[in-house]
Amino acid sequence: MYRTHTCGELRKENSGKTVTLAGWVQGVRDLGNLIFIDLRDRYGLTQLFFDKSSPLAESAKQLGREYVIQVTGIIRERSSKNAQLETGDIEMLVEQLTVLNESKTPPFTIEDVTDGGDDLRMKYRYLDLRRAVVNKNLLHRHRVAQAVREYMDGQGFADVETPFLIKSTPEGARDFVVPSRLNLGSFYALPQSPQTFKQLLMVAGFDRYYQITRCFRDEDLRADRQPEFTQIDCEMAFVEQEDVLQMFEGMVKHVFKKVRGIELEDFPRMSYADCLKYYGNDKPDLRFGMKLIDVKDVVSGKNFKVFDDAEAVNAIVAEGCSEYTRKQTDELTEWVKRPQIGAGGLIFIKCGFDGSYKSSVDKFYSADDLKKIAEHCNAKAGDLILILSGVLAKTRKATGELRLEMGVRLGLRKVEDYKPLWVLDFPLLEWDEDDKRFNAMHHPFTSWKKEDNELINTNPGAVRANAYDVVINGVELSSGSIRIHSRAQQEKMFSLLGLTDEEAQYKFGFILNAFEYGAPPHGGIAFGFDRFCSIVISNLDYIRDFIAFPKNNSGRDMMLDAPSDIDARLKKELGL
RNA sequence: GGUCUGGUAGUUUAGUUGGUUAGAAUGCUGCCCUGUCACGGCGGAGGUCGUGGGUUCGAGUCCCAUCCAGACCGCCA
């Protein structure tokens, strides 16, 4: 036994007790005749005390940061306490000191507010993980996983593992591939999701399946995207959309309750079409209003060509911003003109407190015209109306981005708020302008609404899918659908996606065949577990802090220095 | 594939219109200190200004290329 207690648990009540602790030296405070050392482990900090009469004083002075030591001594109440520390009422009068391992001086400070940059922290991730703020994230992640398992098990879901070495079916994201030595020239692919396997488990009669499992996608990365990431993958048989919605709304609520003590209200529901119309994207942040307003009709016919010729003219109302200076409005205009937003320009109307209206297009609009626009937008005195125009889809997207940006600037996206939402009625297909064909919006196994059966042949782009997303605070947390479970319907879907019968059979023969042997109606959902953790725990959409060993922007593991070249012999064996 | 931002002691950074010896904090280190807990005080060491070219009497600073990191767009069935 290296220790009798941890560094986080001793209190005043333990005074007089002789205990043994082990941990890392957080810091040495050498006051000359007194030496204090903070000993750290995962559970907390305990202060060690040495005075000059101690035969250990000299050894204590030699200790450096991050040395691993074992100490035995008597716990006693401190004469001067530290209210900031859970163990701040006590200290150990050290009687035995063993250095278990020395440490080089770490390249950055192992403290909550570290002096290390991201780069360095990733290279020395094992040191970074010693910092309480970082390891707490991972411990919370564990709590989230436990809460999920608890709920799923309670609902009768079975955890079944599915393979990582599978067949490449490059329909969506780019696959990671693994060369096969036993089958030279052939490759496995790593799963982008266990999608087809969970459906086969439904055919197999498993009824309720879930798995917290790794998925792999070889696409460019973001703050909220890693090449390998974790999904809570779920599937149920004999269910309709409403059953799935109820079941997993319950799961999200359970996790928030268990991990954060937060009671979420019932999730509102919104159609995909309304999301785009009112928020400019399919994952609206409902923590604030500032909905997009269609002002095309009220602004047209005043000889302002920009608006008259535009397919769409959208406005948002920024409350209390009428006093924005020229500098501020110019800066916002530059912001929307950046290539990432791509708007041509920005028009604004200031609704003065005195009832006056001032706009950047006064040449075309009288005070009365502006008043009408403001009334249409429900703008009050003191508000600022921001207007973008152009092609419909692009204008909605840009206005949506501007809305989010204004939300940030006005402090409306509060970290303590959680506003979940079901997004429903997604289109089944989306047109790919580059390849001149349809892509599945969700994935090719998604079924479509019975009411839209006619449209499949006449106007496939208008067909609505039985698909649904959970969105919280503008972050897509999960995505799911009721699946196709008949061979004929699945073949129809593949043909819509431009696959020949031969291609469909080659890539997806296994699931088409399975559908011929009594596949039950089924559907499911998959949650991005890393994102789920980042939202539940810190309400941020930055997942690297919740992954023990994440990869950087370019998919590199800075600690391992991977990916790397491989041994020439191995290459030869793999026929590379 | 594209846009933008950054790269200066171990670390985080300042560095003005190009001009003498590149400054600070922190960390490290030596001495002093009996109640610290971001301990304090006095001293010390520590820099190829990412790399390579160019302009110039002179470049951390200007120009070109390149590498690395980060954010975003495209991409992510």
# chains A, B, ... in the order shown; residues from 1 in each chain; ligands from 1
>>> closest_atom_pairs(of="chain A", to="chain B", cutoff="8 Å", atoms="only C-alpha atoms (C1' of nucleotides)", output="Markdown table")
| residue | atom | partner | partner_atom | distance |
| --- | --- | --- | --- | --- |
| A:Arg29 | CA | B:U36 | C1' | 6.7 |
| A:Leu31 | CA | B:C33 | C1' | 5.8 |
| A:Gly32 | CA | B:C33 | C1' | 5.5 |
| A:Asn33 | CA | B:U34 | C1' | 5.7 |
| A:Leu34 | CA | B:U34 | C1' | 6.1 |
| A:Phe36 | CA | B:U36 | C1' | 6.8 |
| A:Ser79 | CA | B:G35 | C1' | 7.1 |
| A:Ser80 | CA | B:G35 | C1' | 6.3 |
| A:Asn82 | CA | B:C37 | C1' | 7.1 |
| A:Pro107 | CA | B:G10 | C1' | 6.0 |
| A:Phe108 | CA | B:U11 | C1' | 5.9 |
| A:Thr109 | CA | B:G27 | C1' | 8.0 |
| A:Asp115 | CA | B:U12 | C1' | 5.6 |
| A:Gly116 | CA | B:U11 | C1' | 6.1 |
| A:Gly117 | CA | B:U12 | C1' | 7.9 |
| A:Asp119 | CA | B:A69 | C1' | 7.0 |
| A:Glu171 | CA | B:A77 | C1' | 5.2 |
| A:Gly172 | CA | B:A77 | C1' | 3.4 |
| A:Ala173 | CA | B:C76 | C1' | 6.1 |
| A:Arg217 | CA | B:C76 | C1' | 7.7 |
| A:Glu219 | CA | B:C76 | C1' | 6.1 |
| A:Asp220 | CA | B:C75 | C1' | 6.8 |
| A:Pro339 | CA | B:U3 | C1' | 6.7 |
| A:Gln340 | CA | B:C73 | C1' | 5.0 |
| A:Asn439 | CA | B:A77 | C1' | 7.2 |
| A:Ala440 | CA | B:A77 | C1' | 5.9 |
| A:Met441 | CA | B:A77 | C1' | 7.0 |
| A:His442 | CA | B:A77 | C1' | 6.3 |
| A:His443 | CA | B:A77 | C1' | 4.5 |
| A:Pro444 | CA | B:A77 | C1' | 6.5 |
| A:Asn553 | CA | B:G70 | C1' | 7.7 |
>>> residues_around(residues="Gly342 in chain A", least_positions_apart="6", cutoff="12 Å", atoms="only C-alpha atoms (C1' of nucleotides)", output="ChimeraX atom specification")
/A:333-336,388-391,393-399,401-402 /B:3,73
>>> select_by_dssp(residues="range 40-171 of chain A", states="strand (DSSP E or B)", output="PyMOL selection string")
chain A and resi 40-41+44-51+68-77+90-101+158-159+166
>>> write_last_selection(atoms="N, CA, C and O atoms", output="tab-separated table (two decimals), in the first residue's frame")
chain	number	residue	atom	x	y	z
A	40	ARG	N	-0.22	16.91	-4.51
A	40	ARG	CA	-1.40	16.83	-5.37
A	40	ARG	C	-1.65	15.43	-5.90
A	40	ARG	O	-0.69	14.72	-6.27
A	41	ASP	N	-2.89	15.02	-5.91
A	41	ASP	CA	-3.29	13.88	-6.74
A	41	ASP	C	-4.63	14.24	-7.37
A	41	ASP	O	-5.06	15.39	-7.28
A	44	GLY	N	-7.22	16.08	-4.96
A	44	GLY	CA	-7.05	17.38	-4.34
A	44	GLY	C	-5.62	17.66	-3.93
A	44	GLY	O	-4.68	17.02	-4.41
A	45	LEU	N	-5.50	18.64	-3.02
A	45	LEU	CA	-4.19	19.08	-2.53
A	45	LEU	C	-4.16	18.92	-1.02
A	45	LEU	O	-5.13	19.25	-0.33
A	46	THR	N	-3.04	18.44	-0.50
A	46	THR	CA	-2.85	18.44	0.94
A	46	THR	C	-1.52	19.10	1.25
A	46	THR	O	-0.52	18.84	0.59
A	47	GLN	N	-1.54	19.98	2.25
A	47	GLN	CA	-0.30	20.68	2.60
A	47	GLN	C	0.57	19.83	3.52
A	47	GLN	O	0.09	19.29	4.52
A	48	LEU	N	1.84	19.75	3.16
A	48	LEU	CA	2.83	19.06	4.00
A	48	LEU	C	3.64	20.12	4.72
A	48	LEU	O	3.94	21.17	4.17
A	49	PHE	N	4.01	19.83	5.96
A	49	PHE	CA	4.74	20.81	6.76
A	49	PHE	C	6.06	20.21	7.25
A	49	PHE	O	6.11	19.08	7.71
A	50	PHE	N	7.12	21.02	7.12
A	50	PHE	CA	8.43	20.66	7.69
A	50	PHE	C	8.95	21.88	8.43
A	50	PHE	O	8.82	22.99	7.93
A	51	ASP	N	9.53	21.71	9.62
A	51	ASP	CA	10.24	22.87	10.18
A	51	ASP	C	11.71	22.54	10.32
A	51	ASP	O	12.13	21.41	10.06
A	68	VAL	N	7.44	12.81	-7.63
A	68	VAL	CA	6.44	11.91	-7.05
A	68	VAL	C	6.98	11.45	-5.70
A	68	VAL	O	8.08	10.90	-5.63
A	69	ILE	N	6.23	11.73	-4.66
A	69	ILE	CA	6.73	11.37	-3.32
A	69	ILE	C	5.67	10.64	-2.52
A	69	ILE	O	4.47	10.67	-2.84
A	70	GLN	N	6.17	9.95	-1.49
A	70	GLN	CA	5.30	9.29	-0.54
A	70	GLN	C	5.69	9.84	0.82
A	70	GLN	O	6.87	9.94	1.15
A	71	VAL	N	4.68	10.26	1.59
A	71	VAL	CA	4.97	10.84	2.90
A	71	VAL	C	4.09	10.20	3.96
A	71	VAL	O	2.93	9.86	3.71
A	72	THR	N	4.69	10.04	5.15
A	72	THR	CA	3.91	9.56	6.29
A	72	THR	C	4.07	10.59	7.40
A	72	THR	O	5.17	11.13	7.59
A	73	GLY	N	3.00	10.87	8.10
A	73	GLY	CA	3.09	11.84	9.18
A	73	GLY	C	1.77	12.00	9.89
A	73	GLY	O	0.79	11.32	9.57
A	74	ILE	N	1.76	12.93	10.83
A	74	ILE	CA	0.57	13.15	11.64
A	74	ILE	C	-0.23	14.31	11.07
A	74	ILE	O	0.32	15.36	10.73
A	75	ILE	N	-1.52	14.12	10.97
A	75	ILE	CA	-2.41	15.20	10.52
A	75	ILE	C	-2.71	16.10	11.71
A	75	ILE	O	-2.99	15.61	12.83
A	76	ARG	N	-2.62	17.41	11.48
A	76	ARG	CA	-2.95	18.32	12.57
A	76	ARG	C	-3.67	19.55	12.01
A	76	ARG	O	-3.59	19.83	10.80
A	77	GLU	N	-4.37	20.21	12.89
A	77	GLU	CA	-5.09	21.40	12.49
A	77	GLU	C	-4.06	22.50	12.24
A	77	GLU	O	-3.08	22.63	12.97
A	90	ILE	N	-6.23	21.57	7.56
A	90	ILE	CA	-5.25	20.63	8.13
A	90	ILE	C	-3.94	20.66	7.35
A	90	ILE	O	-3.85	21.25	6.25
A	91	GLU	N	-2.93	20.02	7.92
A	91	GLU	CA	-1.67	19.79	7.22
A	91	GLU	C	-1.05	18.54	7.81
A	91	GLU	O	-1.47	18.06	8.88
A	92	MET	N	-0.06	18.02	7.11
A	92	MET	CA	0.65	16.85	7.64
A	92	MET	C	2.02	17.26	8.15
A	92	MET	O	2.78	17.92	7.45
A	93	LEU	N	2.28	16.90	9.40
A	93	LEU	CA	3.61	17.07	9.96
A	93	LEU	C	4.40	15.83	9.53
A	93	LEU	O	4.15	14.73	10.01
A	94	VAL	N	5.30	16.01	8.58
A	94	VAL	CA	5.88	14.86	7.90
A	94	VAL	C	6.97	14.21	8.74
A	94	VAL	O	7.85	14.88	9.28
A	95	GLU	N	6.89	12.89	8.84
A	95	GLU	CA	7.89	12.13	9.60
A	95	GLU	C	8.73	11.22	8.72
A	95	GLU	O	9.84	10.86	9.07
A	96	GLN	N	8.15	10.84	7.58
A	96	GLN	CA	8.91	10.02	6.64
A	96	GLN	C	8.67	10.56	5.23
A	96	GLN	O	7.54	10.90	4.89
A	97	LEU	N	9.74	10.64	4.45
A	97	LEU	CA	9.63	11.16	3.08
A	97	LEU	C	10.38	10.24	2.14
A	97	LEU	O	11.56	9.97	2.34
A	98	THR	N	9.70	9.72	1.13
A	98	THR	CA	10.35	8.88	0.12
A	98	THR	C	10.11	9.50	-1.25
A	98	THR	O	8.96	9.81	-1.58
A	99	VAL	N	11.19	9.70	-1.98
A	99	VAL	CA	11.03	10.16	-3.35
A	99	VAL	C	10.80	8.93	-4.22
A	99	VAL	O	11.67	8.09	-4.35
A	100	LEU	N	9.60	8.82	-4.79
A	100	LEU	CA	9.28	7.66	-5.63
A	100	LEU	C	9.80	7.86	-7.05
A	100	LEU	O	10.13	6.90	-7.73
A	101	ASN	N	9.84	9.12	-7.46
A	101	ASN	CA	10.41	9.42	-8.77
A	101	ASN	C	10.68	10.92	-8.88
A	101	ASN	O	9.91	11.73	-8.39
A	158	ALA	N	-29.63	-3.20	-25.22
A	158	ALA	CA	-28.46	-4.06	-25.06
A	158	ALA	C	-27.26	-3.43	-25.76
A	158	ALA	O	-27.38	-2.94	-26.88
A	159	ASP	N	-26.12	-3.44	-25.07
A	159	ASP	CA	-24.87	-2.92	-25.64
A	159	ASP	C	-24.22	-4.02	-26.47
A	159	ASP	O	-23.83	-5.05	-25.93
A	166	ILE	N	-14.13	-2.80	-41.59
A	166	ILE	CA	-15.31	-3.11	-42.39
A	166	ILE	C	-15.08	-2.74	-43.85
A	166	ILE	O	-13.95	-2.45	-44.26
>>> residues_around(residues="range 129-131 of chain A", least_positions_apart="2", cutoff="10 Å", atoms="only C-alpha atoms (C1' of nucleotides)", output="list in words")
Trp24, Arg40, Asp41, Arg42, Glu66, Thr109, Ile110, Glu111, Asp112, Val113, Thr114, Arg121, Met122, Tyr124, Arg125, Tyr126, Leu127, Val133, Val134, Asn135, Lys136, Asn137, Leu138, Asp545, Ala548 and Phe549 of chain A
>>> residues_around(residues="Val25 in chain A", least_positions_apart="3", cutoff="6 Å", atoms="only C-alpha atoms (C1' of nucleotides)", output="NGL selection string")
:A and (39 or 65-67)
>>> write_last_selection(atoms="N, CA and C atoms", output="JSON list (two decimals), in the first residue's frame")
[["chain", "number", "residue", "atom", "x", "y", "z"],
["A", 39, "LEU", "N", 0.95, 18.79, -1.85],
["A", 39, "LEU", "CA", 0.98, 17.48, -2.49],
["A", 39, "LEU", "C", -0.34, 17.28, -3.24],
["A", 65, "ARG", "N", 9.20, 20.65, -8.55],
["A", 65, "ARG", "CA", 7.83, 20.48, -9.01],
["A", 65, "ARG", "C", 7.67, 19.15, -9.74],
["A", 66, "GLU", "N", 6.56, 18.50, -9.47],
["A", 66, "GLU", "CA", 6.16, 17.26, -10.13],
["A", 66, "GLU", "C", 6.98, 16.04, -9.72],
["A", 67, "TYR", "N", 7.82, 16.17, -8.67],
["A", 67, "TYR", "CA", 8.41, 14.97, -8.10],
["A", 67, "TYR", "C", 7.28, 14.12, -7.54]]
>>> residues_around(residues="range 292-305 of chain A", least_positions_apart="4", cutoff="9 Å", atoms="only C-alpha atoms (C1' of nucleotides)", output="list in words")
Lys277, Tyr278, Tyr279, Gly280, Asp309, Ala310, Glu311, Ala312, Val313, Asn314, Ala315, Ile316, Val317, Val361, Lys363, Phe364, Tyr365, Asp369, Leu370, Lys372, Ile373, His376, Cys377, Ile387, Ser389, Arg396, Thr399, Gly400 and Arg403 of chain A
>>> residues_around(residues="range 262-270 of chain A", least_positions_apart="4", cutoff="10 Å", atoms="only C-alpha atoms (C1' of nucleotides)", output="MDAnalysis selection string")
chainID A and resid 245:246 249:250 252:258 274:275 282 284 418:425 468:472 536
>>> closest_atom_pairs(of="range 430-498 of chain A", to="range 530-533 of chain A", cutoff="10 Å", atoms="only C-alpha atoms", output="Markdown table")
| residue | atom | partner | partner_atom | distance |
| --- | --- | --- | --- | --- |
| A:Ile472 | CA | A:Phe532 | CA | 9.3 |
| A:Val475 | CA | A:Arg531 | CA | 8.2 |
| A:Glu476 | CA | A:Arg531 | CA | 8.5 |
| A:Leu477 | CA | A:Phe532 | CA | 6.1 |
| A:Ser478 | CA | A:Phe532 | CA | 8.6 |
>>> write_last_selection(atoms="N, CA, C and O atoms", output="PDB file, in the first residue's frame")
ATOM      1  N   ILE A 472     -29.188  21.669 -29.466  1.00  0.00           N
ATOM      2  CA  ILE A 472     -29.199  22.441 -28.226  1.00  0.00           C
ATOM      3  C   ILE A 472     -28.302  23.658 -28.407  1.00  0.00           C
ATOM      4  O   ILE A 472     -27.126  23.519 -28.757  1.00  0.00           O
ATOM      5  N   VAL A 475     -26.219  23.826 -31.492  1.00  0.00           N
ATOM      6  CA  VAL A 475     -25.288  22.730 -31.760  1.00  0.00           C
ATOM      7  C   VAL A 475     -26.090  21.480 -32.085  1.00  0.00           C
ATOM      8  O   VAL A 475     -27.004  21.106 -31.347  1.00  0.00           O
ATOM      9  N   GLU A 476     -25.731  20.831 -33.203  1.00  0.00           N
ATOM     10  CA  GLU A 476     -26.403  19.593 -33.575  1.00  0.00           C
ATOM     11  C   GLU A 476     -25.848  18.483 -32.696  1.00  0.00           C
ATOM     12  O   GLU A 476     -24.697  18.103 -32.824  1.00  0.00           O
ATOM     13  N   LEU A 477     -26.686  17.988 -31.797  1.00  0.00           N
ATOM     14  CA  LEU A 477     -26.235  16.981 -30.839  1.00  0.00           C
ATOM     15  C   LEU A 477     -26.431  15.580 -31.358  1.00  0.00           C
ATOM     16  O   LEU A 477     -25.687  14.669 -31.016  1.00  0.00           O
ATOM     17  N   SER A 478     -27.488  15.387 -32.133  1.00  0.00           N
ATOM     18  CA  SER A 478     -27.768  14.042 -32.601  1.00  0.00           C
ATOM     19  C   SER A 478     -28.622  14.110 -33.840  1.00  0.00           C
ATOM     20  O   SER A 478     -29.213  15.142 -34.157  1.00  0.00           O
TER      21      SER A 478
END
>>> select_by_dssp(residues="range 178-395 of chain A", states="alpha helix (DSSP H)", output="NGL selection string")
:A and (195-203 or 241-260 or 272-279 or 296-299 or 305-308 or 326-337 or 367-376 or 392-395)
>>> atom_distance(atom1="CA of Leu404 in chain A", atom2="CA of Glu433 in chain A")
27.6 Å
